[in-house]
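Note sheet for the following structure.
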Amino acid sequence: MDQYNIYLFVLLFATLGDLLIPIIIALKYPGYDHFIDTISALGTKISPVQKYQCWNLILVGILFIVFAIGQSLAFEQIKWSHTLYILGIILFGSGTIIAGFFPEDPRGTNETASGKIHGIASGIGFMFLILNPLWALWIDGLMDLRIVNLIFLIFAASSFTLFLLSEKKKTGFLKYTGLFQRINLIILYGNIIMNYIWLNTMNN
């Protein structure tokens, strides 16, 4: 297996681990709703699957940081846009690891230090990864995907905004916090997978 495929598998394991593992472990969490509850809700102190979700977040974060190495190797040169792109992946992975060590507070309870750290770490990670389609506009190897990356940027920012607006809503369209979070993740992960595959296709 060549270097490209190794890092591609690392990326796929990271993304699928963040999206599919919560679906599996949620089967042991009665009343959990994937459309309303966030993924982090699986890791709160009242969750019967807390340790599984926390360890999953830590593993997913480590895999993203490992993938960042592969992403850097896919670039033929490293300029400011490449650096920010790689940094976005590293900070997202780091935020995910920190979020695993500091679980979120259960919905409706008073905020603790752990919950605050969880929110800040994951929030920073999300925001930096959302900017990756923007930095991609200045990366030479991705010039043919500029319009596609711009569309990804708009969708990523829009879904993240809906996610933020919905966090304290319990009724109406904005109550689907879990759905908005998952849509946002699918967009973000789809973008970095697309760009990584494109870069390696162009280089070979």
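FYI, nothing fancy with the structure tokens labels: chains A, B, ... in order, residues from 1 per chain, ligands from 1 as they appear.
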>> as a list in words, please: the residues near Lys79 of chain A (cut-off 10 Å, only C-alpha atoms, same-chain neighbours under 6 positions excluded).
In response: Tyr85, Trp138, Ile139 and Asp140 of chain A
>> At a cut-off of 12 Å, using only C-alpha atoms, what residues contact Gly17 of chain A? Leave out same-chain residues fewer than 2 positions from it and give the result as a list in words.
In response: Phe9, Val10, Leu11, Leu12, Phe13, Ala14, Thr15, Leu19, Leu20, Ile21, Pro22, Ile23, Ile24, Ile25, Ile39, Tyr52, Gln53, Trp55, Asn56, Leu57, Ile58, Leu59, Val60, Gly61, Ile62, Leu63, Phe64, Leu185 and Tyr189 of chain A
Could the residues in this selection be saved with N, CA and C atoms as a PDB file, in the first residue's frame?
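Everything below was put into result_17.pdb:
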ATOM      1  N   PHE A   9      -6.858   6.183   3.970  1.00  0.00           N
ATOM      2  CA  PHE A   9      -7.554   5.292   4.901  1.00  0.00           C
ATOM      3  C   PHE A   9      -7.617   5.908   6.294  1.00  0.00           C
ATOM      4  N   VAL A  10      -6.551   6.579   6.704  1.00  0.00           N
ATOM      5  CA  VAL A  10      -6.559   7.259   8.004  1.00  0.00           C
ATOM      6  C   VAL A  10      -7.675   8.298   8.041  1.00  0.00           C
ATOM      7  N   LEU A  11      -7.784   9.075   6.964  1.00  0.00           N
ATOM      8  CA  LEU A  11      -8.833  10.093   6.872  1.00  0.00           C
ATOM      9  C   LEU A  11     -10.220   9.471   6.892  1.00  0.00           C
ATOM     10  N   LEU A  12     -10.408   8.412   6.129  1.00  0.00           N
ATOM     11  CA  LEU A  12     -11.717   7.762   6.066  1.00  0.00           C
ATOM     12  C   LEU A  12     -12.085   7.142   7.414  1.00  0.00           C
ATOM     13  N   PHE A  13     -11.116   6.540   8.091  1.00  0.00           N
ATOM     14  CA  PHE A  13     -11.377   5.971   9.412  1.00  0.00           C
ATOM     15  C   PHE A  13     -11.767   7.069  10.401  1.00  0.00           C
ATOM     16  N   ALA A  14     -11.105   8.223  10.298  1.00  0.00           N
ATOM     17  CA  ALA A  14     -11.404   9.337  11.199  1.00  0.00           C
ATOM     18  C   ALA A  14     -12.817   9.860  10.970  1.00  0.00           C
ATOM     19  N   THR A  15     -13.171  10.073   9.708  1.00  0.00           N
ATOM     20  CA  THR A  15     -14.489  10.638   9.401  1.00  0.00           C
ATOM     21  C   THR A  15     -15.613   9.647   9.710  1.00  0.00           C
ATOM     22  N   LEU A  19     -18.721   9.795  12.520  1.00  0.00           N
ATOM     23  CA  LEU A  19     -20.113   9.798  12.064  1.00  0.00           C
ATOM     24  C   LEU A  19     -20.852   8.493  12.362  1.00  0.00           C
ATOM     25  N   LEU A  20     -20.176   7.365  12.248  1.00  0.00           N
ATOM     26  CA  LEU A  20     -20.844   6.066  12.379  1.00  0.00           C
ATOM     27  C   LEU A  20     -20.775   5.462  13.785  1.00  0.00           C
ATOM     28  N   ILE A  21     -19.636   5.615  14.457  1.00  0.00           N
ATOM     29  CA  ILE A  21     -19.519   5.046  15.809  1.00  0.00           C
ATOM     30  C   ILE A  21     -20.597   5.593  16.749  1.00  0.00           C
ATOM     31  N   PRO A  22     -20.882   6.902  16.722  1.00  0.00           N
ATOM     32  CA  PRO A  22     -21.960   7.416  17.577  1.00  0.00           C
ATOM     33  C   PRO A  22     -23.317   6.768  17.280  1.00  0.00           C
ATOM     34  N   ILE A  23     -23.567   6.409  16.022  1.00  0.00           N
ATOM     35  CA  ILE A  23     -24.821   5.736  15.682  1.00  0.00           C
ATOM     36  C   ILE A  23     -24.900   4.378  16.360  1.00  0.00           C
ATOM     37  N   ILE A  24     -23.770   3.694  16.404  1.00  0.00           N
ATOM     38  CA  ILE A  24     -23.726   2.358  17.007  1.00  0.00           C
ATOM     39  C   ILE A  24     -23.866   2.425  18.524  1.00  0.00           C
ATOM     40  N   ILE A  25     -23.068   3.282  19.165  1.00  0.00           N
ATOM     41  CA  ILE A  25     -23.104   3.319  20.627  1.00  0.00           C
ATOM     42  C   ILE A  25     -24.392   3.955  21.145  1.00  0.00           C
ATOM     43  N   ILE A  39     -23.726  14.990  18.950  1.00  0.00           N
ATOM     44  CA  ILE A  39     -22.847  13.836  19.137  1.00  0.00           C
ATOM     45  C   ILE A  39     -22.200  13.902  20.515  1.00  0.00           C
ATOM     46  N   TYR A  52     -17.240   5.376  26.029  1.00  0.00           N
ATOM     47  CA  TYR A  52     -17.043   4.962  24.634  1.00  0.00           C
ATOM     48  C   TYR A  52     -16.941   6.177  23.720  1.00  0.00           C
ATOM     49  N   GLN A  53     -17.827   7.153  23.941  1.00  0.00           N
ATOM     50  CA  GLN A  53     -17.813   8.344  23.101  1.00  0.00           C
ATOM     51  C   GLN A  53     -16.575   9.196  23.350  1.00  0.00           C
ATOM     52  N   TRP A  55     -13.596   8.217  24.378  1.00  0.00           N
ATOM     53  CA  TRP A  55     -12.437   7.550  23.774  1.00  0.00           C
ATOM     54  C   TRP A  55     -12.508   7.620  22.254  1.00  0.00           C
ATOM     55  N   ASN A  56     -13.711   7.580  21.724  1.00  0.00           N
ATOM     56  CA  ASN A  56     -13.873   7.682  20.274  1.00  0.00           C
ATOM     57  C   ASN A  56     -13.424   9.064  19.787  1.00  0.00           C
ATOM     58  N   LEU A  57     -13.791  10.110  20.526  1.00  0.00           N
ATOM     59  CA  LEU A  57     -13.374  11.458  20.162  1.00  0.00           C
ATOM     60  C   LEU A  57     -11.857  11.592  20.181  1.00  0.00           C
ATOM     61  N   ILE A  58     -11.233  11.030  21.199  1.00  0.00           N
ATOM     62  CA  ILE A  58      -9.771  11.102  21.311  1.00  0.00           C
ATOM     63  C   ILE A  58      -9.111  10.390  20.134  1.00  0.00           C
ATOM     64  N   LEU A  59      -9.615   9.204  19.800  1.00  0.00           N
ATOM     65  CA  LEU A  59      -9.051   8.446  18.673  1.00  0.00           C
ATOM     66  C   LEU A  59      -9.255   9.183  17.353  1.00  0.00           C
ATOM     67  N   VAL A  60     -10.453   9.722  17.146  1.00  0.00           N
ATOM     68  CA  VAL A  60     -10.750  10.464  15.919  1.00  0.00           C
ATOM     69  C   VAL A  60      -9.810  11.674  15.791  1.00  0.00           C
ATOM     70  N   GLY A  61      -9.604  12.378  16.890  1.00  0.00           N
ATOM     71  CA  GLY A  61      -8.715  13.534  16.875  1.00  0.00           C
ATOM     72  C   GLY A  61      -7.287  13.163  16.515  1.00  0.00           C
ATOM     73  N   ILE A  62      -6.805  12.061  17.080  1.00  0.00           N
ATOM     74  CA  ILE A  62      -5.452  11.592  16.770  1.00  0.00           C
ATOM     75  C   ILE A  62      -5.330  11.255  15.290  1.00  0.00           C
ATOM     76  N   LEU A  63      -6.339  10.599  14.738  1.00  0.00           N
ATOM     77  CA  LEU A  63      -6.316  10.221  13.323  1.00  0.00           C
ATOM     78  C   LEU A  63      -6.283  11.454  12.420  1.00  0.00           C
ATOM     79  N   PHE A  64      -7.003  12.502  12.798  1.00  0.00           N
ATOM     80  CA  PHE A  64      -6.984  13.728  11.986  1.00  0.00           C
ATOM     81  C   PHE A  64      -5.605  14.384  12.015  1.00  0.00           C
ATOM     82  N   LEU A 185     -20.749  18.363   9.592  1.00  0.00           N
ATOM     83  CA  LEU A 185     -19.609  17.444   9.575  1.00  0.00           C
ATOM     84  C   LEU A 185     -19.471  16.755   8.220  1.00  0.00           C
ATOM     85  N   TYR A 189     -16.117  17.113   6.099  1.00  0.00           N
ATOM     86  CA  TYR A 189     -15.340  15.913   5.790  1.00  0.00           C
ATOM     87  C   TYR A 189     -15.329  15.645   4.286  1.00  0.00           C
TER      88      TYR A 189
END
> In chain A, what's helix (DSSP H, G or I) per DSSP? Answer as a VMD selection string?
Replying inline: chain A and resid 3 to 28 39 to 43 50 to 74 80 to 101 113 to 130 132 to 136 140 to 166 173 to 175 177 to 203
> To one decimal place, how far is atom CA of Phe75 of chain A from atom CA of Met127 of chain A in Å?
Replying inline: 22.5 Å
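Within the 7 Å cut-off around Pro103 of chain A, using only C-alpha atoms and omitting residues fewer than 3 positions from it on the same chain, the listed residues are Gly43, Thr44, Ala99, Gly100, Ser114, Gly115 and His118 of chain A.
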>> Using only C-alpha atoms, which protein or nucleic acid residues come within 7 Å of Ala156 of chain A? Drop anything in the same chain fewer than 3 positions from it, and give the result as number ranges by chain.
In response: A: 130, 152-153, 159-160, 184, 187-188
> Excluding same-chain residues fewer than 4 positions from Leu150 of chain A, what lies within 12 Å of it counting only C-alpha atoms, as an MDAnalysis selection string?
Replying inline: chainID A and resid 130:138 142:146 154:157 191
Can you spit out the residues from that selection as a PDB file, in the first residue's frame, using N, CA and C atoms?
ATOM      1  N   ILE A 130     -13.832  24.928   8.984  1.00  0.00           N
ATOM      2  CA  ILE A 130     -14.784  25.574   8.080  1.00  0.00           C
ATOM      3  C   ILE A 130     -14.066  26.507   7.103  1.00  0.00           C
ATOM      4  N   LEU A 131     -12.941  27.084   7.543  1.00  0.00           N
ATOM      5  CA  LEU A 131     -12.188  28.011   6.694  1.00  0.00           C
ATOM      6  C   LEU A 131     -11.316  27.301   5.658  1.00  0.00           C
ATOM      7  N   ASN A 132     -11.158  25.992   5.757  1.00  0.00           N
ATOM      8  CA  ASN A 132     -10.306  25.273   4.807  1.00  0.00           C
ATOM      9  C   ASN A 132     -10.729  25.441   3.342  1.00  0.00           C
ATOM     10  N   PRO A 133     -12.026  25.399   3.025  1.00  0.00           N
ATOM     11  CA  PRO A 133     -12.414  25.648   1.621  1.00  0.00           C
ATOM     12  C   PRO A 133     -12.009  27.039   1.144  1.00  0.00           C
ATOM     13  N   LEU A 134     -11.915  27.997   2.086  1.00  0.00           N
ATOM     14  CA  LEU A 134     -11.485  29.352   1.735  1.00  0.00           C
ATOM     15  C   LEU A 134     -10.006  29.354   1.367  1.00  0.00           C
ATOM     16  N   TRP A 135      -9.182  28.724   2.207  1.00  0.00           N
ATOM     17  CA  TRP A 135      -7.739  28.674   1.922  1.00  0.00           C
ATOM     18  C   TRP A 135      -7.475  27.887   0.633  1.00  0.00           C
ATOM     19  N   ALA A 136      -8.340  26.915   0.350  1.00  0.00           N
ATOM     20  CA  ALA A 136      -8.168  26.097  -0.856  1.00  0.00           C
ATOM     21  C   ALA A 136      -8.258  26.924  -2.130  1.00  0.00           C
ATOM     22  N   LEU A 137      -8.917  28.078  -2.055  1.00  0.00           N
ATOM     23  CA  LEU A 137      -9.055  28.940  -3.232  1.00  0.00           C
ATOM     24  C   LEU A 137      -7.707  29.474  -3.711  1.00  0.00           C
ATOM     25  N   TRP A 138      -6.709  29.492  -2.796  1.00  0.00           N
ATOM     26  CA  TRP A 138      -5.386  30.025  -3.145  1.00  0.00           C
ATOM     27  C   TRP A 138      -4.334  28.917  -3.302  1.00  0.00           C
ATOM     28  N   LEU A 142      -5.471  23.106  -6.451  1.00  0.00           N
ATOM     29  CA  LEU A 142      -6.929  23.033  -6.321  1.00  0.00           C
ATOM     30  C   LEU A 142      -7.640  24.125  -7.123  1.00  0.00           C
ATOM     31  N   MET A 143      -6.922  24.760  -8.027  1.00  0.00           N
ATOM     32  CA  MET A 143      -7.499  25.858  -8.799  1.00  0.00           C
ATOM     33  C   MET A 143      -8.733  25.439  -9.599  1.00  0.00           C
ATOM     34  N   ASP A 144      -8.715  24.222 -10.120  1.00  0.00           N
ATOM     35  CA  ASP A 144      -9.855  23.748 -10.910  1.00  0.00           C
ATOM     36  C   ASP A 144     -11.088  23.485 -10.048  1.00  0.00           C
ATOM     37  N   LEU A 145     -10.908  23.473  -8.730  1.00  0.00           N
ATOM     38  CA  LEU A 145     -12.020  23.216  -7.808  1.00  0.00           C
ATOM     39  C   LEU A 145     -12.436  24.475  -7.052  1.00  0.00           C
ATOM     40  N   ARG A 146     -12.043  25.629  -7.549  1.00  0.00           N
ATOM     41  CA  ARG A 146     -12.320  26.870  -6.816  1.00  0.00           C
ATOM     42  C   ARG A 146     -13.815  27.091  -6.605  1.00  0.00           C
ATOM     43  N   ILE A 154     -19.683  28.019   1.598  1.00  0.00           N
ATOM     44  CA  ILE A 154     -21.008  28.599   1.871  1.00  0.00           C
ATOM     45  C   ILE A 154     -21.884  27.618   2.643  1.00  0.00           C
ATOM     46  N   PHE A 155     -21.903  26.356   2.209  1.00  0.00           N
ATOM     47  CA  PHE A 155     -22.712  25.344   2.879  1.00  0.00           C
ATOM     48  C   PHE A 155     -22.195  25.061   4.290  1.00  0.00           C
ATOM     49  N   ALA A 156     -20.873  25.009   4.444  1.00  0.00           N
ATOM     50  CA  ALA A 156     -20.286  24.735   5.755  1.00  0.00           C
ATOM     51  C   ALA A 156     -20.617  25.852   6.743  1.00  0.00           C
ATOM     52  N   ALA A 157     -20.449  27.096   6.302  1.00  0.00           N
ATOM     53  CA  ALA A 157     -20.745  28.240   7.171  1.00  0.00           C
ATOM     54  C   ALA A 157     -22.233  28.309   7.504  1.00  0.00           C
ATOM     55  N   ASN A 191     -15.394  17.809   2.002  1.00  0.00           N
ATOM     56  CA  ASN A 191     -14.498  18.777   1.377  1.00  0.00           C
ATOM     57  C   ASN A 191     -13.032  18.340   1.465  1.00  0.00           C
TER      58      ASN A 191
END
Within 8 Å of Gly95 of chain A, counting only C-alpha atoms, which residues show up once you throw out same-chain ones fewer than 4 positions away? Write them as a CSV table (one decimal) with C-alpha atoms, in the first residue's frame, please.
chain,number,residue,atom,x,y,z
A,61,GLY,CA,-8.7,13.5,16.9
A,91,LEU,CA,-6.6,22.3,15.2
A,99,ALA,CA,-13.3,17.5,23.8
A,121,ALA,CA,-12.0,23.4,22.0
A,122,SER,CA,-14.6,22.0,19.7
A,123,GLY,CA,-15.8,25.4,18.6
A,124,ILE,CA,-12.3,26.6,17.6
A,125,GLY,CA,-11.7,23.3,15.8
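Between atom CA of Tyr176 of chain A and atom CA of Glu111 of chain A lies a distance of 21.3 Å.
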> Quick one: distance from atom CA of Ser47 of chain A to atom CA of Thr177 of chain A in Å, one decimal?
Replying inline: 17.7 Å
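When only C-alpha atoms are used to compute distances to Ile193 of chain A, the closest of the residues A:Phe126, A:Phe67, A:Tyr29, A:Phe35 turns out to be A:Phe67.
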